[in-house]
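**Student:** Structure file input-v7.txt (compact mmCIF, C-alpha atoms) is given on the next line.
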```txt
# COMPACT_ATOMS: atom_id res chain seq x y z
CA MET F 25 -37.64 4.70 -9.50
CA LYS F 26 -33.87 5.10 -9.72
CA ARG F 27 -33.46 1.41 -8.93
CA VAL F 28 -35.92 0.26 -11.58
CA ILE F 29 -33.90 1.63 -14.46
CA PRO F 30 -30.70 -0.37 -13.85
CA VAL F 31 -32.77 -3.54 -13.27
CA LEU F 32 -34.62 -3.00 -16.54
CA ALA F 33 -31.34 -2.30 -18.29
CA THR F 34 -29.92 -5.51 -16.85
CA MET F 35 -32.91 -7.49 -18.11
CA ILE F 36 -32.49 -6.07 -21.57
CA VAL F 37 -28.77 -6.87 -21.52
CA VAL F 38 -29.40 -10.41 -20.30
CA LEU F 39 -32.17 -11.01 -22.83
CA THR F 40 -29.92 -9.81 -25.62
CA ALA F 41 -27.09 -12.02 -24.37
CA CYS F 42 -29.39 -15.04 -24.13
CA GLY F 43 -30.53 -14.52 -27.69
CA GLU F 44 -26.96 -14.87 -28.82
CA ARG F 45 -25.77 -17.63 -26.54
CA ASN F 46 -28.63 -19.82 -25.34
CA SER F 47 -26.36 -22.32 -23.65
CA ASP F 48 -24.85 -19.66 -21.42
CA ALA F 49 -27.98 -18.15 -19.90
CA LYS F 50 -27.23 -16.33 -16.67
CA PRO F 51 -29.43 -14.72 -14.03
CA PRO F 52 -29.51 -10.90 -13.95
CA GLY F 53 -26.22 -9.39 -12.87
CA SER F 54 -24.17 -12.53 -13.32
CA GLY F 55 -22.15 -10.92 -16.12
CA ILE F 56 -20.28 -9.18 -13.30
CA GLU F 57 -18.04 -11.35 -11.15
CA LEU F 58 -16.78 -10.11 -7.79
CA ILE F 59 -13.40 -11.64 -6.99
CA ALA F 60 -11.25 -11.90 -3.85
CA PRO F 61 -12.55 -9.00 -1.75
CA PHE F 62 -10.65 -7.97 1.37
CA ALA F 63 -10.35 -5.08 3.81
CA TYR F 64 -7.70 -3.98 6.28
CA PRO F 65 -8.67 -3.91 9.96
CA ALA F 66 -9.87 -0.54 11.30
CA LYS F 67 -11.52 0.80 14.43
CA ALA F 68 -14.86 2.54 14.88
CA GLY F 69 -14.35 6.30 14.88
CA GLU F 70 -11.39 6.24 12.49
CA PRO F 71 -11.87 8.55 9.52
CA VAL F 72 -10.89 6.07 6.81
CA GLY F 73 -10.48 2.43 5.93
CA VAL F 74 -10.04 0.57 2.69
CA THR F 75 -11.47 -2.34 0.74
CA TYR F 76 -10.22 -4.03 -2.41
CA LEU F 77 -11.77 -6.50 -4.81
CA ASN F 78 -11.48 -7.40 -8.45
CA VAL F 79 -14.48 -6.92 -10.70
CA ALA F 80 -14.68 -8.96 -13.91
CA ASN F 81 -17.16 -7.90 -16.55
CA HIS F 82 -18.00 -11.08 -18.46
CA GLY F 83 -20.99 -9.45 -20.13
CA PRO F 84 -21.14 -8.19 -23.71
CA ASP F 85 -21.52 -4.55 -22.70
CA ASP F 86 -19.43 -1.99 -20.88
CA ASP F 87 -20.61 -1.35 -17.34
CA ARG F 88 -19.57 0.89 -14.48
CA LEU F 89 -19.23 0.51 -10.74
CA VAL F 90 -21.30 3.49 -9.70
CA SER F 91 -21.30 3.31 -5.93
CA ALA F 92 -20.65 1.16 -2.90
CA SER F 93 -21.96 1.09 0.64
CA ALA F 94 -21.61 -0.93 3.86
CA GLY F 95 -22.94 -0.71 7.38
CA VAL F 96 -19.39 -0.42 8.71
CA ALA F 97 -18.80 2.99 7.05
CA ALA F 98 -20.79 6.22 6.82
CA ARG F 99 -20.08 6.17 3.09
CA ILE F 100 -17.74 4.59 0.59
CA GLU F 101 -15.89 6.48 -2.11
CA THR F 102 -14.30 5.16 -5.30
CA HIS F 103 -10.64 6.21 -5.19
CA GLU F 104 -7.57 5.78 -7.30
CA THR F 105 -3.97 6.29 -6.21
CA ILE F 106 -1.72 7.47 -8.97
CA GLU F 107 2.03 7.94 -8.93
CA GLU F 108 3.78 10.97 -10.35
CA ASP F 109 7.57 11.18 -9.92
CA GLY F 110 7.44 8.87 -6.95
CA VAL F 111 4.70 10.91 -5.26
CA MET F 112 1.60 8.91 -4.38
CA LYS F 113 -1.57 10.87 -5.04
CA MET F 114 -4.98 9.62 -4.01
CA ARG F 115 -7.92 10.91 -6.01
CA HIS F 116 -11.68 10.54 -5.60
CA ARG F 117 -13.19 9.14 -8.82
CA GLU F 118 -16.64 10.65 -8.50
CA ASP F 119 -17.99 8.89 -11.61
CA GLY F 120 -17.03 5.49 -10.21
CA PHE F 121 -14.89 2.93 -12.03
CA PRO F 122 -15.50 2.04 -15.70
CA LEU F 123 -15.80 -1.70 -16.42
CA PRO F 124 -15.20 -2.36 -20.11
CA ALA F 125 -16.79 -5.54 -21.51
CA GLY F 126 -14.53 -8.56 -21.22
CA ARG F 127 -12.11 -6.85 -18.84
CA THR F 128 -11.31 -7.15 -15.15
CA LEU F 129 -10.82 -4.16 -12.90
CA THR F 130 -8.05 -4.97 -10.43
CA MET F 131 -8.17 -3.08 -7.16
CA GLU F 132 -4.98 -3.17 -5.11
CA PRO F 133 -2.83 -0.99 -2.86
CA GLY F 134 -1.44 1.92 -4.83
CA ALA F 135 -4.17 1.79 -7.48
CA HIS F 136 -8.00 1.59 -7.53
CA HIS F 137 -9.64 1.03 -4.16
CA LEU F 138 -12.84 1.58 -2.24
CA MET F 139 -12.30 4.01 0.59
CA LEU F 140 -14.43 3.54 3.68
CA MET F 141 -15.22 6.94 5.16
CA GLU F 142 -15.97 7.39 8.89
CA ILE F 143 -15.74 3.86 10.26
CA GLN F 144 -18.93 3.04 12.19
CA SER F 145 -17.97 -0.30 13.76
CA ASP F 146 -14.69 -2.14 14.32
CA LEU F 147 -13.30 -4.04 11.37
CA VAL F 148 -11.81 -6.98 13.24
CA GLU F 149 -9.19 -9.22 11.67
CA GLY F 150 -10.67 -12.63 10.83
CA ARG F 151 -14.24 -11.34 10.57
CA THR F 152 -16.24 -10.26 7.52
CA PHE F 153 -18.73 -7.57 6.54
CA GLN F 154 -21.32 -7.16 3.81
CA LEU F 155 -20.48 -4.77 0.98
CA GLN F 156 -23.15 -3.54 -1.41
CA LEU F 157 -22.10 -2.50 -4.89
CA VAL F 158 -24.25 -0.75 -7.48
CA PHE F 159 -23.45 -1.16 -11.16
CA GLU F 160 -24.85 1.04 -13.87
CA LYS F 161 -26.21 -1.92 -15.81
CA ALA F 162 -25.83 -5.01 -13.65
CA GLY F 163 -27.66 -3.35 -10.76
CA ALA F 164 -27.03 -4.02 -7.08
CA ARG F 165 -24.82 -6.83 -5.79
CA THR F 166 -23.68 -7.82 -2.33
CA VAL F 167 -20.39 -9.47 -1.42
CA GLU F 168 -18.92 -10.70 1.87
CA VAL F 169 -15.57 -9.05 2.59
CA PRO F 170 -12.98 -10.81 4.82
CA ILE F 171 -10.92 -8.54 7.07
CA GLY F 172 -7.20 -9.18 7.43
CA LEU F 173 -3.72 -7.69 7.49
CA ASP F 174 -1.95 -10.50 5.71
CA ILE F 175 -4.24 -10.84 2.73
CA ASP F 176 -2.11 -9.96 -0.23
CA ARG F 177 -3.04 -10.20 -3.84
CA ARG F 178 0.09 -8.61 -5.26
CA MET S 7 8.13 -19.36 0.87
CA SER S 8 8.40 -17.14 -2.15
CA VAL S 9 10.88 -14.97 -0.28
CA VAL S 10 13.04 -18.00 0.45
CA GLN S 11 12.81 -19.08 -3.17
CA SER S 12 13.81 -15.66 -4.41
CA VAL S 13 16.73 -15.45 -2.04
CA PHE S 14 17.86 -18.87 -3.18
CA THR S 15 17.48 -17.87 -6.82
CA ALA S 16 19.35 -14.64 -6.17
CA ALA S 17 22.14 -16.53 -4.40
CA LEU S 18 22.34 -18.99 -7.28
CA ALA S 19 22.41 -16.15 -9.79
CA GLY S 20 25.15 -14.52 -7.75
CA MET S 21 27.25 -17.70 -7.84
CA VAL S 22 26.76 -18.07 -11.58
CA LEU S 23 27.72 -14.42 -12.02
CA ALA S 24 30.81 -14.84 -9.83
CA VAL S 25 31.92 -17.96 -11.69
CA GLY S 26 31.08 -16.57 -15.12
CA SER S 27 32.94 -13.32 -14.66
CA GLY S 28 36.19 -14.96 -13.63
CA CYS S 29 38.34 -12.62 -11.55
CA ASP S 30 36.32 -9.45 -12.17
CA PRO S 31 34.26 -8.42 -9.17
CA PRO S 32 30.55 -8.12 -9.98
CA SER S 33 29.62 -4.57 -10.88
CA ARG S 34 27.86 -2.64 -8.17
CA SER S 35 24.81 -1.79 -10.19
CA ALA S 36 24.05 -5.47 -10.66
CA ALA S 37 24.29 -6.07 -6.93
CA PHE S 38 21.13 -4.21 -5.95
CA HIS S 39 17.47 -4.10 -6.95
CA GLY S 40 16.93 -0.54 -5.76
CA THR S 41 18.32 2.63 -7.30
CA GLU S 42 21.78 3.38 -5.95
CA VAL S 43 22.57 6.85 -4.71
CA THR S 44 25.49 8.12 -6.75
CA SER S 45 28.43 9.06 -4.51
CA PRO S 46 26.52 8.27 -1.31
CA GLY S 47 27.04 10.66 1.61
CA PRO S 48 25.84 10.70 5.21
CA ALA S 49 22.06 10.35 5.43
CA HIS S 50 20.31 13.43 6.79
CA GLU S 51 20.22 13.15 10.58
CA ILE S 52 16.87 12.15 12.04
CA SER S 53 16.12 13.15 15.60
CA ALA S 54 12.46 12.90 16.55
CA PRO S 55 10.11 11.50 19.18
CA ASN S 56 9.12 7.86 18.72
CA TRP S 57 5.66 6.45 19.45
CA ASP S 58 6.91 4.78 22.67
CA GLY S 59 7.99 8.09 24.21
CA SER S 60 11.71 7.71 23.47
CA THR S 61 13.68 9.89 21.08
CA PHE S 62 15.01 8.31 17.91
CA GLN S 63 18.46 9.41 16.75
CA LEU S 64 19.67 8.05 13.45
CA ALA S 65 23.30 8.48 14.57
CA GLU S 66 22.71 5.92 17.33
CA HIS S 67 21.97 3.26 14.72
CA ARG S 68 25.39 3.12 13.06
CA GLY S 69 26.24 -0.50 12.42
CA LYS S 70 22.66 -1.24 11.45
CA VAL S 71 20.90 -1.09 8.11
CA VAL S 72 18.03 1.41 8.36
CA LEU S 73 14.86 1.07 6.29
CA LEU S 74 13.11 4.43 6.10
CA ALA S 75 9.65 5.32 4.75
CA PHE S 76 7.37 8.34 4.98
CA GLY S 77 3.59 8.34 5.24
CA TYR S 78 0.67 9.03 7.56
CA THR S 79 -1.76 6.98 9.58
CA PHE S 80 -4.85 8.38 7.84
CA CYS S 81 -3.48 7.03 4.56
CA PRO S 82 -5.70 4.03 3.89
CA ASP S 83 -4.11 2.64 0.78
CA VAL S 84 -0.36 2.93 0.19
CA CYS S 85 1.03 3.32 3.73
CA PRO S 86 -0.41 0.12 5.24
CA PHE S 87 0.85 -1.72 2.19
CA THR S 88 4.36 -0.30 2.64
CA LEU S 89 4.41 -1.06 6.37
CA ARG S 90 3.10 -4.56 5.84
CA ARG S 91 5.83 -5.15 3.27
CA LEU S 92 8.46 -3.83 5.69
CA ALA S 93 7.03 -6.19 8.33
CA GLU S 94 7.38 -9.05 5.86
CA VAL S 95 11.04 -8.14 5.23
CA HIS S 96 11.68 -7.80 8.98
CA GLU S 97 10.22 -11.25 9.60
CA ALA S 98 12.12 -12.86 6.73
CA LEU S 99 15.40 -11.46 8.10
CA GLY S 100 15.06 -13.70 11.15
CA ASP S 101 17.89 -13.06 13.62
CA ASP S 102 19.37 -10.44 11.29
CA ALA S 103 16.34 -8.23 11.98
CA LYS S 104 18.23 -7.11 15.11
CA LYS S 105 20.85 -5.58 12.82
CA THR S 106 18.25 -3.35 11.18
CA ALA S 107 15.97 -0.47 12.18
CA VAL S 108 12.67 0.18 10.40
CA VAL S 109 11.60 3.81 10.60
CA PHE S 110 8.30 5.37 9.57
CA VAL S 111 8.08 9.18 9.65
CA THR S 112 4.70 10.89 9.50
CA VAL S 113 4.17 13.59 6.89
CA ASP S 114 0.95 14.59 8.66
CA PRO S 115 1.88 15.81 12.16
CA GLU S 116 -1.38 17.77 12.41
CA ARG S 117 -3.39 14.57 12.70
CA ASP S 118 -0.68 12.06 13.65
CA SER S 119 -0.10 12.62 17.33
CA ILE S 120 2.33 10.38 19.22
CA GLU S 121 -0.80 8.70 20.67
CA LYS S 122 -2.07 8.02 17.16
CA LEU S 123 1.28 6.53 16.11
CA LYS S 124 1.22 4.42 19.28
CA SER S 125 -2.01 2.75 18.20
CA TYR S 126 -0.85 2.40 14.60
CA ILE S 127 2.79 1.30 14.36
CA PRO S 128 2.70 -1.79 16.65
CA VAL S 129 -0.14 -3.21 14.56
CA PHE S 130 2.50 -3.85 11.91
CA ASN S 131 5.49 -4.53 14.15
CA GLY S 132 6.19 -3.43 17.72
CA GLU S 133 9.90 -2.99 16.94
CA PHE S 134 9.29 -0.43 14.21
CA PHE S 135 9.93 3.22 14.96
CA GLY S 136 7.10 5.67 14.25
CA LEU S 137 8.36 9.24 14.38
CA ARG S 138 6.66 12.60 14.55
CA SER S 139 8.40 15.86 13.88
CA ALA S 140 6.86 19.19 12.97
CA GLY S 141 7.67 22.68 11.80
CA GLU S 142 11.18 23.52 10.66
CA VAL S 143 12.66 20.23 11.90
CA MET S 144 10.20 18.34 9.77
CA ALA S 145 10.73 20.61 6.76
CA ALA S 146 14.49 20.03 6.95
CA LEU S 147 13.97 16.28 7.28
CA LEU S 148 11.67 16.14 4.26
CA LYS S 149 14.12 18.22 2.26
CA GLY S 150 17.01 16.01 3.37
CA TYR S 151 15.38 12.98 1.76
CA GLY S 152 13.71 14.77 -1.14
CA ILE S 153 10.19 14.03 0.13
CA LYS S 154 7.43 15.99 -1.56
CA VAL S 155 4.30 16.52 0.51
CA THR S 156 1.06 18.17 -0.61
CA ARG S 157 -1.98 18.35 1.58
CA GLN S 158 -5.19 17.97 -0.41
CA ILE S 159 -8.26 20.08 0.17
CA PRO S 160 -11.07 18.13 1.88
CA SER S 161 -14.20 17.54 -0.25
CA THR S 162 -16.35 18.76 2.66
CA PRO S 163 -15.22 21.62 4.97
CA GLY S 164 -13.39 20.13 7.94
CA GLY S 165 -13.66 16.68 6.37
CA TYR S 166 -11.08 14.06 5.59
CA TYR S 167 -8.13 15.06 3.46
CA ALA S 168 -5.42 13.01 1.80
CA VAL S 169 -1.73 13.97 1.88
CA ASP S 170 0.19 13.30 -1.34
CA HIS S 171 3.70 12.17 -0.51
CA THR S 172 6.75 10.45 -1.95
CA GLY S 173 6.25 6.71 -1.48
CA ASP S 174 9.88 5.55 -1.73
CA VAL S 175 11.61 3.31 0.79
CA PHE S 176 15.17 4.41 1.61
CA LEU S 177 18.00 2.16 2.74
CA ILE S 178 20.80 3.57 4.89
CA ASP S 179 23.92 1.44 5.27
CA LYS S 180 25.85 0.50 8.40
CA SER S 181 28.10 3.56 7.96
CA GLY S 182 25.08 5.87 8.03
CA ARG S 183 25.17 6.64 4.32
CA LEU S 184 22.02 6.91 2.23
CA ARG S 185 22.59 4.18 -0.34
CA LEU S 186 19.43 2.98 -2.04
CA THR S 187 15.91 4.14 -2.90
CA HIS S 188 13.09 1.76 -3.78
CA PRO S 189 9.83 2.82 -5.42
CA HIS S 190 6.59 2.18 -3.52
CA ASP S 191 5.79 -1.01 -5.44
CA THR S 192 9.11 -2.81 -4.83
CA THR S 193 8.49 -6.39 -3.75
CA ALA S 194 9.42 -7.64 -0.28
CA GLU S 195 11.79 -10.09 -1.97
CA ASP S 196 13.78 -7.32 -3.68
CA LEU S 197 13.88 -5.20 -0.52
CA LEU S 198 15.03 -8.18 1.52
CA ALA S 199 17.79 -9.01 -0.93
CA ASP S 200 19.09 -5.42 -0.83
CA VAL S 201 18.97 -5.27 2.98
CA GLN S 202 20.90 -8.54 3.16
CA ALA S 203 23.45 -7.26 0.63
CA LEU S 204 24.02 -4.16 2.80
CA LEU S 205 24.27 -6.33 5.91
CA ARG S 206 27.01 -8.40 4.24
CA GLU S 207 29.18 -5.33 3.67
CA ALA S 208 32.10 -4.76 6.04
CA SER S 209 31.11 -2.98 9.24
CA PRO S 210 32.33 0.63 9.66
```
So, in terms of structure tokens, how does the structure I just supplied come out?

**Tutor:**
Amino acid sequence: MKRVIPVLATMIVVLTACGERNSDAKPPGSGIELIAPFAYPAKAGEPVGVTYLNVANHGPDDDRLVSASAGVAARIETHETIEEDGVMKMRHREDGFPLPAGRTLTMEPGAHHLMLMEIQSDLVEGRTFQLQLVFEKAGARTVEVPIGLDIDRR
Amino acid sequence: MSVVQSVFTAALAGMVLAVGSGCDPPSRSAAFHGTEVTSPGPAHEISAPNWDGSTFQLAEHRGKVVLLAFGYTFCPDVCPFTLRRLAEVHEALGDDAKKTAVVFVTVDPERDSIEKLKSYIPVFNGEFFGLRSAGEVMAALLKGYGIKVTRQIPSTPGGYYAVDHTGDVFLIDKSGRLRLTHPHDTTAEDLLADVQALLREASP
């Protein structure tokens, strides 16, 4: 039942969007674009790992990244590192990340990131894993995440 | 490539500055990207076990430029980024890398055993030092460099916890004086330029 609501919401959003811009009809969820995902290597049994990606909200409405999951981690938390007087503080954003309409959320070291908790299988450099993301309105999406040490988006 | 470009640009800028200012030597503040320590004194001595079983002594590295950062291996976000950047600088230095020492000190000795550091540090660079101290020695070391450390409370009892810590990178010159601090988001290019500037200074 929980899953039906976001899907319905997505359909309503898409239908509304189509009414306004017929030439730009998109399938459900396509208002959200997942850009340049990557993760650092980690080993099974380690308590934490990290994944970054950018999320563009091309849709007409605000959305929210509610949760994320992957087979390689027991769970994934939405975290933000903030700096105060040179001190780096990492905080769990339990409500997820807001995605205002027309904006792009940039995840990068020292800022927003997805924290992989309790690594279940090795994250090997050069390989990929599947990451599931759930958006409040756009529903569930899956993205393939490359694993590497040298991937740098800054 | 971008590092090379930046170095070239910096060198060019330096030449223009030198020509433009006539006989006046360029001011010190313009010479560095990082924040200069006013009236620099001897850097706080560091004596701690390294991940390879040896003991690191800062005093033994006179004549080298030391790059120093604090963090912990269970830090998923900022610390790997810092270490990867330091690895980038180390690589870009080429042969001059031998005239430097890159030192990472854990702020989380409870979880960061020497064994843990041994599986962590060489992933970034096998020549980097990864040090563990604890108790009063560690407290004095943190105080010596103005490092603030706060251990967070785990969300589940016995679960993972983060350790808030100062993310600066410190540069110690060939005379063993603490000279520059760089915030956590300094680019590899800026760090490299400052390391090279310190390497160019007259040896003690």

**Student:** Could you write out as a PDB file with C-alpha atoms, keeping the file's coordinate frame the residues of chain S within 12 Å of chain F, counting all atoms listed in the file?

**Tutor:**
```pdb
ATOM      1  CA  PHE S  76       7.370   8.340   4.980  1.00  0.00           C
ATOM      2  CA  GLY S  77       3.590   8.340   5.240  1.00  0.00           C
ATOM      3  CA  TYR S  78       0.670   9.030   7.560  1.00  0.00           C
ATOM      4  CA  THR S  79      -1.760   6.980   9.580  1.00  0.00           C
ATOM      5  CA  PHE S  80      -4.850   8.380   7.840  1.00  0.00           C
ATOM      6  CA  CYS S  81      -3.480   7.030   4.560  1.00  0.00           C
ATOM      7  CA  PRO S  82      -5.700   4.030   3.890  1.00  0.00           C
ATOM      8  CA  ASP S  83      -4.110   2.640   0.780  1.00  0.00           C
ATOM      9  CA  VAL S  84      -0.360   2.930   0.190  1.00  0.00           C
ATOM     10  CA  CYS S  85       1.030   3.320   3.730  1.00  0.00           C
ATOM     11  CA  PRO S  86      -0.410   0.120   5.240  1.00  0.00           C
ATOM     12  CA  PHE S  87       0.850  -1.720   2.190  1.00  0.00           C
ATOM     13  CA  THR S  88       4.360  -0.300   2.640  1.00  0.00           C
ATOM     14  CA  LEU S  89       4.410  -1.060   6.370  1.00  0.00           C
ATOM     15  CA  ARG S  90       3.100  -4.560   5.840  1.00  0.00           C
ATOM     16  CA  ARG S  91       5.830  -5.150   3.270  1.00  0.00           C
ATOM     17  CA  ALA S  93       7.030  -6.190   8.330  1.00  0.00           C
ATOM     18  CA  GLU S  94       7.380  -9.050   5.860  1.00  0.00           C
ATOM     19  CA  ARG S 117      -3.390  14.570  12.700  1.00  0.00           C
ATOM     20  CA  LYS S 122      -2.070   8.020  17.160  1.00  0.00           C
ATOM     21  CA  SER S 125      -2.010   2.750  18.200  1.00  0.00           C
ATOM     22  CA  TYR S 126      -0.850   2.400  14.600  1.00  0.00           C
ATOM     23  CA  VAL S 129      -0.140  -3.210  14.560  1.00  0.00           C
ATOM     24  CA  PHE S 130       2.500  -3.850  11.910  1.00  0.00           C
ATOM     25  CA  ASN S 131       5.490  -4.530  14.150  1.00  0.00           C
ATOM     26  CA  GLY S 152      13.710  14.770  -1.140  1.00  0.00           C
ATOM     27  CA  ILE S 153      10.190  14.030   0.130  1.00  0.00           C
ATOM     28  CA  LYS S 154       7.430  15.990  -1.560  1.00  0.00           C
ATOM     29  CA  VAL S 155       4.300  16.520   0.510  1.00  0.00           C
ATOM     30  CA  THR S 156       1.060  18.170  -0.610  1.00  0.00           C
ATOM     31  CA  ARG S 157      -1.980  18.350   1.580  1.00  0.00           C
ATOM     32  CA  GLN S 158      -5.190  17.970  -0.410  1.00  0.00           C
ATOM     33  CA  ILE S 159      -8.260  20.080   0.170  1.00  0.00           C
ATOM     34  CA  PRO S 160     -11.070  18.130   1.880  1.00  0.00           C
ATOM     35  CA  SER S 161     -14.200  17.540  -0.250  1.00  0.00           C
ATOM     36  CA  GLY S 164     -13.390  20.130   7.940  1.00  0.00           C
ATOM     37  CA  GLY S 165     -13.660  16.680   6.370  1.00  0.00           C
ATOM     38  CA  TYR S 166     -11.080  14.060   5.590  1.00  0.00           C
ATOM     39  CA  TYR S 167      -8.130  15.060   3.460  1.00  0.00           C
ATOM     40  CA  ALA S 168      -5.420  13.010   1.800  1.00  0.00           C
ATOM     41  CA  VAL S 169      -1.730  13.970   1.880  1.00  0.00           C
ATOM     42  CA  ASP S 170       0.190  13.300  -1.340  1.00  0.00           C
ATOM     43  CA  HIS S 171       3.700  12.170  -0.510  1.00  0.00           C
ATOM     44  CA  THR S 172       6.750  10.450  -1.950  1.00  0.00           C
ATOM     45  CA  GLY S 173       6.250   6.710  -1.480  1.00  0.00           C
ATOM     46  CA  ASP S 174       9.880   5.550  -1.730  1.00  0.00           C
ATOM     47  CA  VAL S 175      11.610   3.310   0.790  1.00  0.00           C
ATOM     48  CA  THR S 187      15.910   4.140  -2.900  1.00  0.00           C
ATOM     49  CA  HIS S 188      13.090   1.760  -3.780  1.00  0.00           C
ATOM     50  CA  PRO S 189       9.830   2.820  -5.420  1.00  0.00           C
ATOM     51  CA  HIS S 190       6.590   2.180  -3.520  1.00  0.00           C
ATOM     52  CA  ASP S 191       5.790  -1.010  -5.440  1.00  0.00           C
ATOM     53  CA  THR S 192       9.110  -2.810  -4.830  1.00  0.00           C
ATOM     54  CA  THR S 193       8.490  -6.390  -3.750  1.00  0.00           C
ATOM     55  CA  ALA S 194       9.420  -7.640  -0.280  1.00  0.00           C
TER      56      ALA S 194
END
```

**Student:** Between atom CA of Ala92 of chain F and atom CA of Gln144 of chain F, what distance in Å does the model show, to one decimal?

**Tutor:** 15.3 Å

**Student:** How big is the axis-aligned box around all listed atoms of segment 44-49 of chain S once 6 Å goes on each side, and where's its centre, in Å to one decimal, as lines of an AutoDock Vina configuration file?

**Tutor:**
```
center_x = 25.2
center_y = 9.4
center_z = -0.7
size_x = 18.4
size_y = 14.6
size_z = 24.2
```

**Student:** Report, in Å to a single decimal, how far apart atom CA of Leu147 of chain F and atom CA of Val169 of chain F are.

**Tutor:**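 The value is 10.4 Å.
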
**Student:** Atom CA of Phe135 of chain S and atom CA of Asn56 of chain S, how far apart in Å?

**Tutor:**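 According to the coordinates, atom CA of Asn56 of chain S and atom CA of Phe135 of chain S are separated by 6.0 Å.
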
**Student:** So, counting all atoms listed in the file, which residue among S:Glu116, S:Glu97, S:Asp102, S:Glu142 is closest to Lys70 of chain S?

**Tutor:**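 Looking only at the distances to Lys70 of chain S, the closest residue turns out to be S:Asp102.
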
**Student:** Need the shell around Asp86 of chain F: protein/DNA/RNA residues with any atom at most 6 Å away, counting only C-alpha atoms. Skip same-chain ones fewer than 2 positions apart. Format as a list in words?

**Tutor:** Leu123, Pro124 and Ala125 of chain F

**Student:** Would you please work out which residue, of F:Ala68, F:Val158, F:Leu129, F:Ile143, is nearest to Val90 of chain F when using only C-alpha atoms?

**Tutor:** F:Val158

**Student:** From the options S:Gly132, S:Ala146, S:Thr106, S:Ile120, which residue's atoms come nearest to Val72 of chain S, counting all atoms listed in the file?

**Tutor:**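 Checking each of S:Gly132, S:Ala146, S:Thr106, S:Ile120 against Val72 of chain S, counting all atoms listed in the file, the winner is S:Thr106.
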
**Student:** Which residue is closest to Pro210 of chain S? Choose from S:Lys149, S:His50, S:Arg138, S:His67 and count only C-alpha atoms.

**Tutor:** S:His67

**Student:** Using all atoms listed in the file, which protein or nucleic acid residues come within 7 Å of Arg88 of chain F? Drop anything in the same chain fewer than 4 positions from it, and give the result as a PyMOL selection string.

**Tutor:** chain F and resi 120-123+159-160

**Student:** Which residues come within 6 Å of Ile56 of chain F, counting all atoms listed in the file, excluding same-chain residues fewer than 5 positions away, as a PDB file with C-alpha atoms, in the frame of the given file?

**Tutor:**
```
ATOM      1  CA  ALA F  80     -14.680  -8.960 -13.910  1.00  0.00           C
ATOM      2  CA  ASN F  81     -17.160  -7.900 -16.550  1.00  0.00           C
ATOM      3  CA  HIS F  82     -18.000 -11.080 -18.460  1.00  0.00           C
TER       4      HIS F  82
END
```
